[in-house]
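Asker: As input, take upload.pdb (PDB, N, CA and C atoms):
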```pdb
ATOM      1  N   MET X   1     -17.727 -12.964  22.416
ATOM      2  CA  MET X   1     -18.167 -13.634  21.215
ATOM      3  C   MET X   1     -19.640 -14.008  21.344
ATOM      4  N   VAL X   2     -20.304 -13.978  20.226
ATOM      5  CA  VAL X   2     -21.717 -14.309  20.168
ATOM      6  C   VAL X   2     -21.879 -15.521  19.266
ATOM      7  N   GLN X   3     -22.689 -16.486  19.718
ATOM      8  CA  GLN X   3     -22.959 -17.643  18.876
ATOM      9  C   GLN X   3     -24.265 -17.430  18.144
ATOM     10  N   VAL X   4     -24.239 -17.676  16.861
ATOM     11  CA  VAL X   4     -25.425 -17.569  16.025
ATOM     12  C   VAL X   4     -25.670 -18.938  15.438
ATOM     13  N   ARG X   5     -26.895 -19.442  15.551
ATOM     14  CA  ARG X   5     -27.199 -20.768  15.014
ATOM     15  C   ARG X   5     -27.987 -20.616  13.726
ATOM     16  N   ILE X   6     -27.482 -21.233  12.688
ATOM     17  CA  ILE X   6     -28.165 -21.276  11.405
ATOM     18  C   ILE X   6     -29.011 -22.547  11.387
ATOM     19  N   LYS X   7     -30.176 -22.502  10.752
ATOM     20  CA  LYS X   7     -31.086 -23.655  10.732
ATOM     21  C   LYS X   7     -30.340 -24.976  10.555
ATOM     22  N   LYS X   8     -30.516 -25.866  11.500
ATOM     23  CA  LYS X   8     -29.984 -27.227  11.468
ATOM     24  C   LYS X   8     -28.473 -27.291  11.299
ATOM     25  N   GLY X   9     -27.793 -26.176  11.356
ATOM     26  CA  GLY X   9     -26.346 -26.177  11.193
ATOM     27  C   GLY X   9     -25.633 -26.045  12.520
ATOM     28  N   LYS X  10     -24.335 -26.055  12.441
ATOM     29  CA  LYS X  10     -23.525 -25.853  13.631
ATOM     30  C   LYS X  10     -23.544 -24.376  13.988
ATOM     31  N   PRO X  11     -23.393 -24.066  15.281
ATOM     32  CA  PRO X  11     -23.357 -22.658  15.659
ATOM     33  C   PRO X  11     -22.121 -21.975  15.074
ATOM     34  N   ILE X  12     -22.306 -20.738  14.697
ATOM     35  CA  ILE X  12     -21.205 -19.929  14.167
ATOM     36  C   ILE X  12     -20.873 -18.898  15.233
ATOM     37  N   THR X  13     -19.608 -18.778  15.565
ATOM     38  CA  THR X  13     -19.193 -17.800  16.549
ATOM     39  C   THR X  13     -18.658 -16.580  15.816
ATOM     40  N   ARG X  14     -19.205 -15.422  16.181
ATOM     41  CA  ARG X  14     -18.692 -14.189  15.600
ATOM     42  C   ARG X  14     -18.676 -13.134  16.677
ATOM     43  N   LYS X  15     -17.749 -12.207  16.549
ATOM     44  CA  LYS X  15     -17.644 -11.167  17.563
ATOM     45  C   LYS X  15     -18.768 -10.153  17.393
ATOM     46  N   PRO X  16     -19.217  -9.561  18.486
ATOM     47  CA  PRO X  16     -20.270  -8.549  18.397
ATOM     48  C   PRO X  16     -19.787  -7.347  17.577
ATOM     49  N   ILE X  17     -20.712  -6.703  16.894
ATOM     50  CA  ILE X  17     -20.375  -5.530  16.091
ATOM     51  C   ILE X  17     -20.213  -4.340  17.027
ATOM     52  N   THR X  18     -19.105  -3.640  16.871
ATOM     53  CA  THR X  18     -18.845  -2.480  17.723
ATOM     54  C   THR X  18     -19.623  -1.268  17.221
ATOM     55  N   ARG X  19     -19.725  -0.264  18.059
ATOM     56  CA  ARG X  19     -20.401   0.979  17.685
ATOM     57  C   ARG X  19     -19.712   1.606  16.473
ATOM     58  N   GLU X  20     -18.390   1.566  16.469
ATOM     59  CA  GLU X  20     -17.614   2.141  15.361
ATOM     60  C   GLU X  20     -17.919   1.412  14.044
ATOM     61  N   GLU X  21     -18.046   0.090  14.094
ATOM     62  CA  GLU X  21     -18.371  -0.678  12.897
ATOM     63  C   GLU X  21     -19.771  -0.345  12.391
ATOM     64  N   LYS X  22     -20.711  -0.134  13.325
ATOM     65  CA  LYS X  22     -22.067   0.249  12.929
ATOM     66  C   LYS X  22     -22.064   1.601  12.211
ATOM     67  N   VAL X  23     -21.289   2.540  12.744
ATOM     68  CA  VAL X  23     -21.215   3.872  12.140
ATOM     69  C   VAL X  23     -20.582   3.780  10.752
ATOM     70  N   LYS X  24     -19.502   3.011  10.633
ATOM     71  CA  LYS X  24     -18.856   2.835   9.327
ATOM     72  C   LYS X  24     -19.806   2.185   8.324
ATOM     73  N   GLY X  25     -20.558   1.197   8.769
ATOM     74  CA  GLY X  25     -21.518   0.537   7.896
ATOM     75  C   GLY X  25     -22.596   1.496   7.436
ATOM     76  N   ARG X  26     -23.105   2.291   8.360
ATOM     77  CA  ARG X  26     -24.145   3.278   8.034
ATOM     78  C   ARG X  26     -23.610   4.275   7.002
ATOM     79  N   GLU X  27     -22.396   4.775   7.240
ATOM     80  CA  GLU X  27     -21.792   5.748   6.314
ATOM     81  C   GLU X  27     -21.567   5.135   4.935
ATOM     82  N   ALA X  28     -21.121   3.878   4.894
ATOM     83  CA  ALA X  28     -20.870   3.223   3.607
ATOM     84  C   ALA X  28     -22.174   2.990   2.852
ATOM     85  N   ILE X  29     -23.217   2.573   3.551
ATOM     86  CA  ILE X  29     -24.515   2.356   2.909
ATOM     87  C   ILE X  29     -25.034   3.658   2.316
ATOM     88  N   LEU X  30     -24.975   4.728   3.104
ATOM     89  CA  LEU X  30     -25.444   6.024   2.611
ATOM     90  C   LEU X  30     -24.592   6.521   1.448
ATOM     91  N   ALA X  31     -23.289   6.234   1.476
ATOM     92  CA  ALA X  31     -22.411   6.627   0.367
ATOM     93  C   ALA X  31     -22.800   5.896  -0.919
ATOM     94  N   VAL X  32     -23.080   4.608  -0.821
ATOM     95  CA  VAL X  32     -23.513   3.829  -1.983
ATOM     96  C   VAL X  32     -24.817   4.391  -2.543
ATOM     97  N   LEU X  33     -25.778   4.643  -1.656
ATOM     98  CA  LEU X  33     -27.079   5.126  -2.103
ATOM     99  C   LEU X  33     -26.992   6.528  -2.705
ATOM    100  N   ALA X  34     -26.162   7.382  -2.133
ATOM    101  CA  ALA X  34     -25.986   8.732  -2.682
ATOM    102  C   ALA X  34     -25.308   8.661  -4.042
ATOM    103  N   ARG X  35     -24.300   7.818  -4.162
ATOM    104  CA  ARG X  35     -23.605   7.679  -5.448
ATOM    105  C   ARG X  35     -24.540   7.138  -6.522
ATOM    106  N   ALA X  36     -25.370   6.178  -6.150
ATOM    107  CA  ALA X  36     -26.325   5.622  -7.114
ATOM    108  C   ALA X  36     -27.313   6.686  -7.580
ATOM    109  N   ALA X  37     -27.684   7.588  -6.685
ATOM    110  CA  ALA X  37     -28.626   8.654  -7.040
ATOM    111  C   ALA X  37     -27.984   9.708  -7.935
ATOM    112  N   ASP X  38     -26.683   9.943  -7.766
ATOM    113  CA  ASP X  38     -26.000  11.041  -8.459
ATOM    114  C   ASP X  38     -25.195  10.618  -9.684
ATOM    115  N   ASP X  39     -24.864   9.340  -9.794
ATOM    116  CA  ASP X  39     -23.962   8.856 -10.848
ATOM    117  C   ASP X  39     -24.693   7.788 -11.675
ATOM    118  N   SER X  40     -25.189   8.178 -12.829
ATOM    119  CA  SER X  40     -25.980   7.252 -13.654
ATOM    120  C   SER X  40     -25.152   6.054 -14.125
ATOM    121  N   HIS X  41     -23.848   6.246 -14.342
ATOM    122  CA  HIS X  41     -22.988   5.126 -14.744
ATOM    123  C   HIS X  41     -22.911   4.090 -13.618
ATOM    124  N   PHE X  42     -22.733   4.571 -12.384
ATOM    125  CA  PHE X  42     -22.685   3.664 -11.232
ATOM    126  C   PHE X  42     -24.030   2.962 -11.048
ATOM    127  N   LEU X  43     -25.123   3.693 -11.224
ATOM    128  CA  LEU X  43     -26.461   3.105 -11.117
ATOM    129  C   LEU X  43     -26.639   1.985 -12.144
ATOM    130  N   ALA X  44     -26.153   2.213 -13.365
ATOM    131  CA  ALA X  44     -26.238   1.186 -14.405
ATOM    132  C   ALA X  44     -25.400  -0.039 -14.038
ATOM    133  N   ARG X  45     -24.218   0.191 -13.475
ATOM    134  CA  ARG X  45     -23.369  -0.926 -13.027
ATOM    135  C   ARG X  45     -24.055  -1.714 -11.916
ATOM    136  N   LEU X  46     -24.692  -1.006 -10.996
ATOM    137  CA  LEU X  46     -25.428  -1.680  -9.922
ATOM    138  C   LEU X  46     -26.545  -2.554 -10.482
ATOM    139  N   ALA X  47     -27.245  -2.017 -11.457
ATOM    140  CA  ALA X  47     -28.357  -2.758 -12.056
ATOM    141  C   ALA X  47     -27.866  -3.993 -12.790
ATOM    142  N   ASP X  48     -26.728  -3.878 -13.468
ATOM    143  CA  ASP X  48     -26.188  -4.970 -14.273
ATOM    144  C   ASP X  48     -25.497  -6.038 -13.428
ATOM    145  N   ASP X  49     -24.640  -5.601 -12.510
ATOM    146  CA  ASP X  49     -23.867  -6.538 -11.690
ATOM    147  C   ASP X  49     -23.583  -5.893 -10.335
ATOM    148  N   PRO X  50     -24.553  -5.937  -9.415
ATOM    149  CA  PRO X  50     -24.379  -5.245  -8.138
ATOM    150  C   PRO X  50     -23.181  -5.738  -7.322
ATOM    151  N   GLY X  51     -22.888  -7.004  -7.385
ATOM    152  CA  GLY X  51     -21.738  -7.529  -6.640
ATOM    153  C   GLY X  51     -20.444  -6.889  -7.079
ATOM    154  N   GLU X  52     -20.285  -6.749  -8.383
ATOM    155  CA  GLU X  52     -19.072  -6.118  -8.923
ATOM    156  C   GLU X  52     -19.056  -4.633  -8.592
ATOM    157  N   ALA X  53     -20.182  -3.963  -8.771
ATOM    158  CA  ALA X  53     -20.246  -2.523  -8.520
ATOM    159  C   ALA X  53     -19.946  -2.195  -7.056
ATOM    160  N   LEU X  54     -20.338  -3.066  -6.158
ATOM    161  CA  LEU X  54     -20.133  -2.818  -4.732
ATOM    162  C   LEU X  54     -18.801  -3.344  -4.210
ATOM    163  N   SER X  55     -18.016  -3.991  -5.048
ATOM    164  CA  SER X  55     -16.764  -4.594  -4.595
ATOM    165  C   SER X  55     -15.774  -3.583  -4.037
ATOM    166  N   GLU X  56     -15.850  -2.337  -4.466
ATOM    167  CA  GLU X  56     -14.926  -1.326  -3.950
ATOM    168  C   GLU X  56     -15.312  -0.838  -2.552
ATOM    169  N   TYR X  57     -16.507  -1.182  -2.105
ATOM    170  CA  TYR X  57     -16.960  -0.806  -0.761
ATOM    171  C   TYR X  57     -16.629  -1.948   0.198
ATOM    172  N   TYR X  58     -15.341  -2.111   0.471
ATOM    173  CA  TYR X  58     -14.849  -3.258   1.220
ATOM    174  C   TYR X  58     -15.223  -3.234   2.699
ATOM    175  N   THR X  59     -15.721  -2.108   3.219
ATOM    176  CA  THR X  59     -16.100  -2.059   4.635
ATOM    177  C   THR X  59     -17.509  -2.585   4.878
ATOM    178  N   LEU X  60     -18.284  -2.801   3.823
ATOM    179  CA  LEU X  60     -19.634  -3.331   3.982
ATOM    180  C   LEU X  60     -19.580  -4.788   4.434
ATOM    181  N   THR X  61     -20.438  -5.134   5.380
ATOM    182  CA  THR X  61     -20.520  -6.528   5.821
ATOM    183  C   THR X  61     -21.293  -7.337   4.776
ATOM    184  N   HIS X  62     -21.264  -8.641   4.909
ATOM    185  CA  HIS X  62     -22.023  -9.496   3.994
ATOM    186  C   HIS X  62     -23.514  -9.188   4.095
ATOM    187  N   GLU X  63     -23.978  -8.933   5.307
ATOM    188  CA  GLU X  63     -25.398  -8.626   5.511
ATOM    189  C   GLU X  63     -25.775  -7.289   4.842
ATOM    190  N   GLU X  64     -24.898  -6.297   4.959
ATOM    191  CA  GLU X  64     -25.145  -4.999   4.322
ATOM    192  C   GLU X  64     -25.126  -5.129   2.801
ATOM    193  N   LEU X  65     -24.158  -5.884   2.283
ATOM    194  CA  LEU X  65     -24.101  -6.120   0.834
ATOM    195  C   LEU X  65     -25.365  -6.815   0.347
ATOM    196  N   ALA X  66     -25.784  -7.835   1.061
ATOM    197  CA  ALA X  66     -26.983  -8.577   0.655
ATOM    198  C   ALA X  66     -28.210  -7.670   0.639
ATOM    199  N   ALA X  67     -28.336  -6.803   1.627
ATOM    200  CA  ALA X  67     -29.485  -5.890   1.677
ATOM    201  C   ALA X  67     -29.446  -4.898   0.519
ATOM    202  N   LEU X  68     -28.268  -4.375   0.204
ATOM    203  CA  LEU X  68     -28.151  -3.450  -0.922
ATOM    204  C   LEU X  68     -28.423  -4.154  -2.246
ATOM    205  N   ILE X  69     -27.883  -5.337  -2.420
ATOM    206  CA  ILE X  69     -28.055  -6.073  -3.668
ATOM    207  C   ILE X  69     -29.515  -6.460  -3.892
ATOM    208  N   SER X  70     -30.200  -6.843  -2.821
ATOM    209  CA  SER X  70     -31.589  -7.281  -2.972
ATOM    210  C   SER X  70     -32.593  -6.135  -2.934
ATOM    211  N   GLY X  71     -32.149  -4.955  -2.511
ATOM    212  CA  GLY X  71     -33.057  -3.815  -2.406
ATOM    213  C   GLY X  71     -33.923  -3.879  -1.161
ATOM    214  N   ASP X  72     -33.391  -4.436  -0.091
ATOM    215  CA  ASP X  72     -34.143  -4.620   1.151
ATOM    216  C   ASP X  72     -34.255  -3.294   1.914
ATOM    217  N   ILE X  73     -35.236  -2.500   1.523
ATOM    218  CA  ILE X  73     -35.417  -1.169   2.106
ATOM    219  C   ILE X  73     -35.658  -1.254   3.615
ATOM    220  N   LYS X  74     -36.490  -2.187   4.025
ATOM    221  CA  LYS X  74     -36.829  -2.317   5.442
ATOM    222  C   LYS X  74     -35.574  -2.556   6.289
ATOM    223  N   LYS X  75     -34.741  -3.469   5.845
ATOM    224  CA  LYS X  75     -33.509  -3.785   6.581
ATOM    225  C   LYS X  75     -32.573  -2.571   6.601
ATOM    226  N   ILE X  76     -32.397  -1.936   5.449
ATOM    227  CA  ILE X  76     -31.492  -0.790   5.368
ATOM    228  C   ILE X  76     -31.992   0.358   6.236
ATOM    229  N   GLU X  77     -33.293   0.615   6.204
ATOM    230  CA  GLU X  77     -33.832   1.690   7.043
ATOM    231  C   GLU X  77     -33.734   1.361   8.531
ATOM    232  N   SER X  78     -33.689   0.090   8.876
ATOM    233  CA  SER X  78     -33.503  -0.267  10.287
ATOM    234  C   SER X  78     -32.092   0.093  10.747
ATOM    235  N   TRP X  79     -31.148   0.155   9.812
ATOM    236  CA  TRP X  79     -29.768   0.511  10.144
ATOM    237  C   TRP X  79     -29.506   2.012  10.059
ATOM    238  N   VAL X  80     -30.083   2.667   9.057
ATOM    239  CA  VAL X  80     -29.712   4.065   8.788
ATOM    240  C   VAL X  80     -30.836   5.061   9.047
ATOM    241  N   GLY X  81     -32.026   4.592   9.324
ATOM    242  CA  GLY X  81     -33.163   5.483   9.501
ATOM    243  C   GLY X  81     -33.913   5.649   8.188
ATOM    244  N   LYS X  82     -35.011   6.375   8.256
ATOM    245  CA  LYS X  82     -35.869   6.589   7.079
ATOM    246  C   LYS X  82     -35.069   7.260   5.959
ATOM    247  N   LEU X  83     -35.143   6.666   4.769
ATOM    248  CA  LEU X  83     -34.426   7.208   3.613
ATOM    249  C   LEU X  83     -35.253   8.272   2.915
ATOM    250  N   ASP X  84     -34.580   9.316   2.464
ATOM    251  CA  ASP X  84     -35.280  10.306   1.657
ATOM    252  C   ASP X  84     -35.366   9.767   0.224
ATOM    253  N   GLU X  85     -36.082  10.472  -0.615
ATOM    254  CA  GLU X  85     -36.311  10.010  -1.985
ATOM    255  C   GLU X  85     -35.001   9.801  -2.744
ATOM    256  N   ARG X  86     -34.065  10.708  -2.563
ATOM    257  CA  ARG X  86     -32.775  10.618  -3.265
ATOM    258  C   ARG X  86     -32.043   9.331  -2.880
ATOM    259  N   HIS X  87     -31.924   9.054  -1.588
ATOM    260  CA  HIS X  87     -31.192   7.869  -1.138
ATOM    261  C   HIS X  87     -31.919   6.570  -1.466
ATOM    262  N   ALA X  88     -33.211   6.624  -1.677
ATOM    263  CA  ALA X  88     -33.975   5.411  -1.983
ATOM    264  C   ALA X  88     -33.969   5.068  -3.475
ATOM    265  N   THR X  89     -33.368   5.912  -4.314
ATOM    266  CA  THR X  89     -33.379   5.726  -5.769
ATOM    267  C   THR X  89     -32.965   4.320  -6.181
ATOM    268  N   TRP X  90     -31.781   3.871  -5.751
ATOM    269  CA  TRP X  90     -31.280   2.553  -6.157
ATOM    270  C   TRP X  90     -32.214   1.454  -5.684
ATOM    271  N   LEU X  91     -32.681   1.551  -4.458
ATOM    272  CA  LEU X  91     -33.505   0.483  -3.909
ATOM    273  C   LEU X  91     -34.803   0.329  -4.693
ATOM    274  N   TRP X  92     -35.435   1.437  -5.063
ATOM    275  CA  TRP X  92     -36.658   1.358  -5.866
ATOM    276  C   TRP X  92     -36.361   0.824  -7.263
ATOM    277  N   CYS X  93     -35.209   1.212  -7.819
ATOM    278  CA  CYS X  93     -34.809   0.659  -9.130
ATOM    279  C   CYS X  93     -34.625  -0.842  -9.038
ATOM    280  N   ARG X  94     -33.959  -1.285  -7.984
ATOM    281  CA  ARG X  94     -33.697  -2.708  -7.822
ATOM    282  C   ARG X  94     -34.994  -3.496  -7.671
ATOM    283  N   LEU X  95     -35.895  -2.989  -6.866
ATOM    284  CA  LEU X  95     -37.163  -3.684  -6.668
ATOM    285  C   LEU X  95     -37.982  -3.739  -7.955
ATOM    286  N   SER X  96     -37.882  -2.721  -8.778
ATOM    287  CA  SER X  96     -38.650  -2.718 -10.028
ATOM    288  C   SER X  96     -38.055  -3.651 -11.073
ATOM    289  N   GLN X  97     -36.784  -4.055 -10.893
ATOM    290  CA  GLN X  97     -36.149  -4.982 -11.835
ATOM    291  C   GLN X  97     -36.686  -6.398 -11.710
ATOM    292  N   GLU X  98     -37.123  -6.749 -10.532
ATOM    293  CA  GLU X  98     -37.604  -8.098 -10.247
ATOM    294  C   GLU X  98     -36.570  -9.161 -10.604
ATOM    295  N   LYS X  99     -35.310  -8.892 -10.309
ATOM    296  CA  LYS X  99     -34.231  -9.860 -10.515
ATOM    297  C   LYS X  99     -33.944 -10.545  -9.192
ATOM    298  N   TRP X 100     -34.555 -11.662  -8.964
ATOM    299  CA  TRP X 100     -34.341 -12.383  -7.717
ATOM    300  C   TRP X 100     -33.674 -13.666  -8.032
TER     301      TRP X 100
END
```
Render the structure in this file as structure tokens.
Answerer:
Amino acid sequence: MVQVRIKKGKPITRKPITREEKVKGREAILAVLARAADDSHFLARLADDPGEALSEYYTLTHEELAALISGDIKKIESWVGKLDERHATWLWCRLSQEKW
């Protein structure tokens, strides 16, 4: 178990992420980004209500969901590697919305 301390809060204990979980997370993130690039209806749902649109991707961690919802390209690329133009479609759309 790993303890993580949140500012001024009590430490939170969580188990380390396994290699298999990292691979599943990477695959799920890439699946979301590919679907957003190829499915305009899904892209519109993401733009309107990303939490609802991503609810079917139950293997995503809270951190992965937050990065996808906010369009955190830097964080996502740290997990999956450099994104090509197709996979970056949703993230650039999200950043251009300026919905924070």
Asker: Output as a PyMOL selection string all residues of chain X that backbone DSSP marks as helix (DSSP H, G or I).
Answerer: chain X and resi 19-38+40-48+50-53+62-70+73-80+89-97
Asker: Rank X:Thr18, X:Gly25, X:Arg86, X:Val80 by their smallest atom-to-atom distance to Asp38 in chain X, using only N, CA and C atoms, and report the top residue only.
Answerer: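 When distances to Asp38 in chain X are compared using only N, CA and C atoms, the smallest one comes from X:Arg86.
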Asker: Taking the file above as input, evaluate the PyMOL selection byres (((chain X and resi 58-62 and name CA) around 10) and name CA) and report the hits as a list in words.
Answerer: Glu21, Lys22, Lys24, Gly25, Arg26, Glu27, Ala28, Ile29, Leu54, Ser55, Glu56, Tyr57, Glu63, Glu64, Leu65, Ala66, Ala67 and Leu68 of chain X
Asker: So, counting only N, CA and C atoms, which residue among X:Ala44, X:Ile17, X:Ala36, X:Ala53 is closest to Trp90 in chain X?
Answerer: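 Checking each candidate against Trp90 in chain X, we get X:Ala36 as the closest.
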Asker: For this structure, which residues satisfy the selection - the PyMOL selection byres (((chain X and resi 88 and name CA) around 12) and name CA) - when it is evaluated on the file as given? I want them as a PDB file with N, CA and C atoms, keeping the file's coordinate frame.
Answerer:
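Below is the file selection-v6.pdb, written as the result:
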```pdb
ATOM      1  N   ILE X  29     -23.217   2.573   3.551  1.00  0.00           N
ATOM      2  CA  ILE X  29     -24.515   2.356   2.909  1.00  0.00           C
ATOM      3  C   ILE X  29     -25.034   3.658   2.316  1.00  0.00           C
ATOM      4  N   LEU X  30     -24.975   4.728   3.104  1.00  0.00           N
ATOM      5  CA  LEU X  30     -25.444   6.024   2.611  1.00  0.00           C
ATOM      6  C   LEU X  30     -24.592   6.521   1.448  1.00  0.00           C
ATOM      7  N   ALA X  31     -23.289   6.234   1.476  1.00  0.00           N
ATOM      8  CA  ALA X  31     -22.411   6.627   0.367  1.00  0.00           C
ATOM      9  C   ALA X  31     -22.800   5.896  -0.919  1.00  0.00           C
ATOM     10  N   VAL X  32     -23.080   4.608  -0.821  1.00  0.00           N
ATOM     11  CA  VAL X  32     -23.513   3.829  -1.983  1.00  0.00           C
ATOM     12  C   VAL X  32     -24.817   4.391  -2.543  1.00  0.00           C
ATOM     13  N   LEU X  33     -25.778   4.643  -1.656  1.00  0.00           N
ATOM     14  CA  LEU X  33     -27.079   5.126  -2.103  1.00  0.00           C
ATOM     15  C   LEU X  33     -26.992   6.528  -2.705  1.00  0.00           C
ATOM     16  N   ALA X  34     -26.162   7.382  -2.133  1.00  0.00           N
ATOM     17  CA  ALA X  34     -25.986   8.732  -2.682  1.00  0.00           C
ATOM     18  C   ALA X  34     -25.308   8.661  -4.042  1.00  0.00           C
ATOM     19  N   ARG X  35     -24.300   7.818  -4.162  1.00  0.00           N
ATOM     20  CA  ARG X  35     -23.605   7.679  -5.448  1.00  0.00           C
ATOM     21  C   ARG X  35     -24.540   7.138  -6.522  1.00  0.00           C
ATOM     22  N   ALA X  36     -25.370   6.178  -6.150  1.00  0.00           N
ATOM     23  CA  ALA X  36     -26.325   5.622  -7.114  1.00  0.00           C
ATOM     24  C   ALA X  36     -27.313   6.686  -7.580  1.00  0.00           C
ATOM     25  N   ALA X  37     -27.684   7.588  -6.685  1.00  0.00           N
ATOM     26  CA  ALA X  37     -28.626   8.654  -7.040  1.00  0.00           C
ATOM     27  C   ALA X  37     -27.984   9.708  -7.935  1.00  0.00           C
ATOM     28  N   ASP X  38     -26.683   9.943  -7.766  1.00  0.00           N
ATOM     29  CA  ASP X  38     -26.000  11.041  -8.459  1.00  0.00           C
ATOM     30  C   ASP X  38     -25.195  10.618  -9.684  1.00  0.00           C
ATOM     31  N   LEU X  68     -28.268  -4.375   0.204  1.00  0.00           N
ATOM     32  CA  LEU X  68     -28.151  -3.450  -0.922  1.00  0.00           C
ATOM     33  C   LEU X  68     -28.423  -4.154  -2.246  1.00  0.00           C
ATOM     34  N   GLY X  71     -32.149  -4.955  -2.511  1.00  0.00           N
ATOM     35  CA  GLY X  71     -33.057  -3.815  -2.406  1.00  0.00           C
ATOM     36  C   GLY X  71     -33.923  -3.879  -1.161  1.00  0.00           C
ATOM     37  N   ASP X  72     -33.391  -4.436  -0.091  1.00  0.00           N
ATOM     38  CA  ASP X  72     -34.143  -4.620   1.151  1.00  0.00           C
ATOM     39  C   ASP X  72     -34.255  -3.294   1.914  1.00  0.00           C
ATOM     40  N   ILE X  73     -35.236  -2.500   1.523  1.00  0.00           N
ATOM     41  CA  ILE X  73     -35.417  -1.169   2.106  1.00  0.00           C
ATOM     42  C   ILE X  73     -35.658  -1.254   3.615  1.00  0.00           C
ATOM     43  N   LYS X  74     -36.490  -2.187   4.025  1.00  0.00           N
ATOM     44  CA  LYS X  74     -36.829  -2.317   5.442  1.00  0.00           C
ATOM     45  C   LYS X  74     -35.574  -2.556   6.289  1.00  0.00           C
ATOM     46  N   ILE X  76     -32.397  -1.936   5.449  1.00  0.00           N
ATOM     47  CA  ILE X  76     -31.492  -0.790   5.368  1.00  0.00           C
ATOM     48  C   ILE X  76     -31.992   0.358   6.236  1.00  0.00           C
ATOM     49  N   GLU X  77     -33.293   0.615   6.204  1.00  0.00           N
ATOM     50  CA  GLU X  77     -33.832   1.690   7.043  1.00  0.00           C
ATOM     51  C   GLU X  77     -33.734   1.361   8.531  1.00  0.00           C
ATOM     52  N   VAL X  80     -30.083   2.667   9.057  1.00  0.00           N
ATOM     53  CA  VAL X  80     -29.712   4.065   8.788  1.00  0.00           C
ATOM     54  C   VAL X  80     -30.836   5.061   9.047  1.00  0.00           C
ATOM     55  N   GLY X  81     -32.026   4.592   9.324  1.00  0.00           N
ATOM     56  CA  GLY X  81     -33.163   5.483   9.501  1.00  0.00           C
ATOM     57  C   GLY X  81     -33.913   5.649   8.188  1.00  0.00           C
ATOM     58  N   LYS X  82     -35.011   6.375   8.256  1.00  0.00           N
ATOM     59  CA  LYS X  82     -35.869   6.589   7.079  1.00  0.00           C
ATOM     60  C   LYS X  82     -35.069   7.260   5.959  1.00  0.00           C
ATOM     61  N   LEU X  83     -35.143   6.666   4.769  1.00  0.00           N
ATOM     62  CA  LEU X  83     -34.426   7.208   3.613  1.00  0.00           C
ATOM     63  C   LEU X  83     -35.253   8.272   2.915  1.00  0.00           C
ATOM     64  N   ASP X  84     -34.580   9.316   2.464  1.00  0.00           N
ATOM     65  CA  ASP X  84     -35.280  10.306   1.657  1.00  0.00           C
ATOM     66  C   ASP X  84     -35.366   9.767   0.224  1.00  0.00           C
ATOM     67  N   GLU X  85     -36.082  10.472  -0.615  1.00  0.00           N
ATOM     68  CA  GLU X  85     -36.311  10.010  -1.985  1.00  0.00           C
ATOM     69  C   GLU X  85     -35.001   9.801  -2.744  1.00  0.00           C
ATOM     70  N   ARG X  86     -34.065  10.708  -2.563  1.00  0.00           N
ATOM     71  CA  ARG X  86     -32.775  10.618  -3.265  1.00  0.00           C
ATOM     72  C   ARG X  86     -32.043   9.331  -2.880  1.00  0.00           C
ATOM     73  N   HIS X  87     -31.924   9.054  -1.588  1.00  0.00           N
ATOM     74  CA  HIS X  87     -31.192   7.869  -1.138  1.00  0.00           C
ATOM     75  C   HIS X  87     -31.919   6.570  -1.466  1.00  0.00           C
ATOM     76  N   THR X  89     -33.368   5.912  -4.314  1.00  0.00           N
ATOM     77  CA  THR X  89     -33.379   5.726  -5.769  1.00  0.00           C
ATOM     78  C   THR X  89     -32.965   4.320  -6.181  1.00  0.00           C
ATOM     79  N   TRP X  90     -31.781   3.871  -5.751  1.00  0.00           N
ATOM     80  CA  TRP X  90     -31.280   2.553  -6.157  1.00  0.00           C
ATOM     81  C   TRP X  90     -32.214   1.454  -5.684  1.00  0.00           C
ATOM     82  N   LEU X  91     -32.681   1.551  -4.458  1.00  0.00           N
ATOM     83  CA  LEU X  91     -33.505   0.483  -3.909  1.00  0.00           C
ATOM     84  C   LEU X  91     -34.803   0.329  -4.693  1.00  0.00           C
ATOM     85  N   TRP X  92     -35.435   1.437  -5.063  1.00  0.00           N
ATOM     86  CA  TRP X  92     -36.658   1.358  -5.866  1.00  0.00           C
ATOM     87  C   TRP X  92     -36.361   0.824  -7.263  1.00  0.00           C
ATOM     88  N   CYS X  93     -35.209   1.212  -7.819  1.00  0.00           N
ATOM     89  CA  CYS X  93     -34.809   0.659  -9.130  1.00  0.00           C
ATOM     90  C   CYS X  93     -34.625  -0.842  -9.038  1.00  0.00           C
ATOM     91  N   ARG X  94     -33.959  -1.285  -7.984  1.00  0.00           N
ATOM     92  CA  ARG X  94     -33.697  -2.708  -7.822  1.00  0.00           C
ATOM     93  C   ARG X  94     -34.994  -3.496  -7.671  1.00  0.00           C
ATOM     94  N   LEU X  95     -35.895  -2.989  -6.866  1.00  0.00           N
ATOM     95  CA  LEU X  95     -37.163  -3.684  -6.668  1.00  0.00           C
ATOM     96  C   LEU X  95     -37.982  -3.739  -7.955  1.00  0.00           C
TER      97      LEU X  95
END
```
Asker: Determine the axis-aligned bounding box of all atoms of range 29-44 of chain X present in the file, pad each side by 5 Å, and express its centre and edge lengths in Å to one decimal place as AutoDock Vina command-line options.
Answerer:
```
--center_x -25.5 --center_y 5.5 --center_z -5.6 --size_x 16.2 --size_y 21.1 --size_z 28.3
```
Asker: Just the strand (DSSP E or B) stuff from chain X, please, per backbone DSSP, written as a list in words.
Answerer: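 Everything in chain X that counts as strand (DSSP E or B) is Val2, Gln3, Val4, Arg5, Pro11, Ile12, Thr13 and Arg14 of chain X.
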Asker: Please report the interatomic distance between atom N of Val23 in chain X and CA of Ile69 in chain X in Å with one decimal.
Answerer: 19.7 Å
Asker: Which value, in Å to one decimal, gives the distance between CA of Glu52 in chain X and atom N of Gln97 in chain X?
Answerer: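 Computed distance, CA of Glu52 in chain X to atom N of Gln97 in chain X, equals 17.9 Å.
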Asker: What is the distance, in Å and to one decimal place, between CA of Trp79 in chain X and CA of Leu46 in chain X?
Answerer: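 Atom-to-atom, CA of Trp79 in chain X to CA of Leu46 in chain X, that is 20.6 Å.
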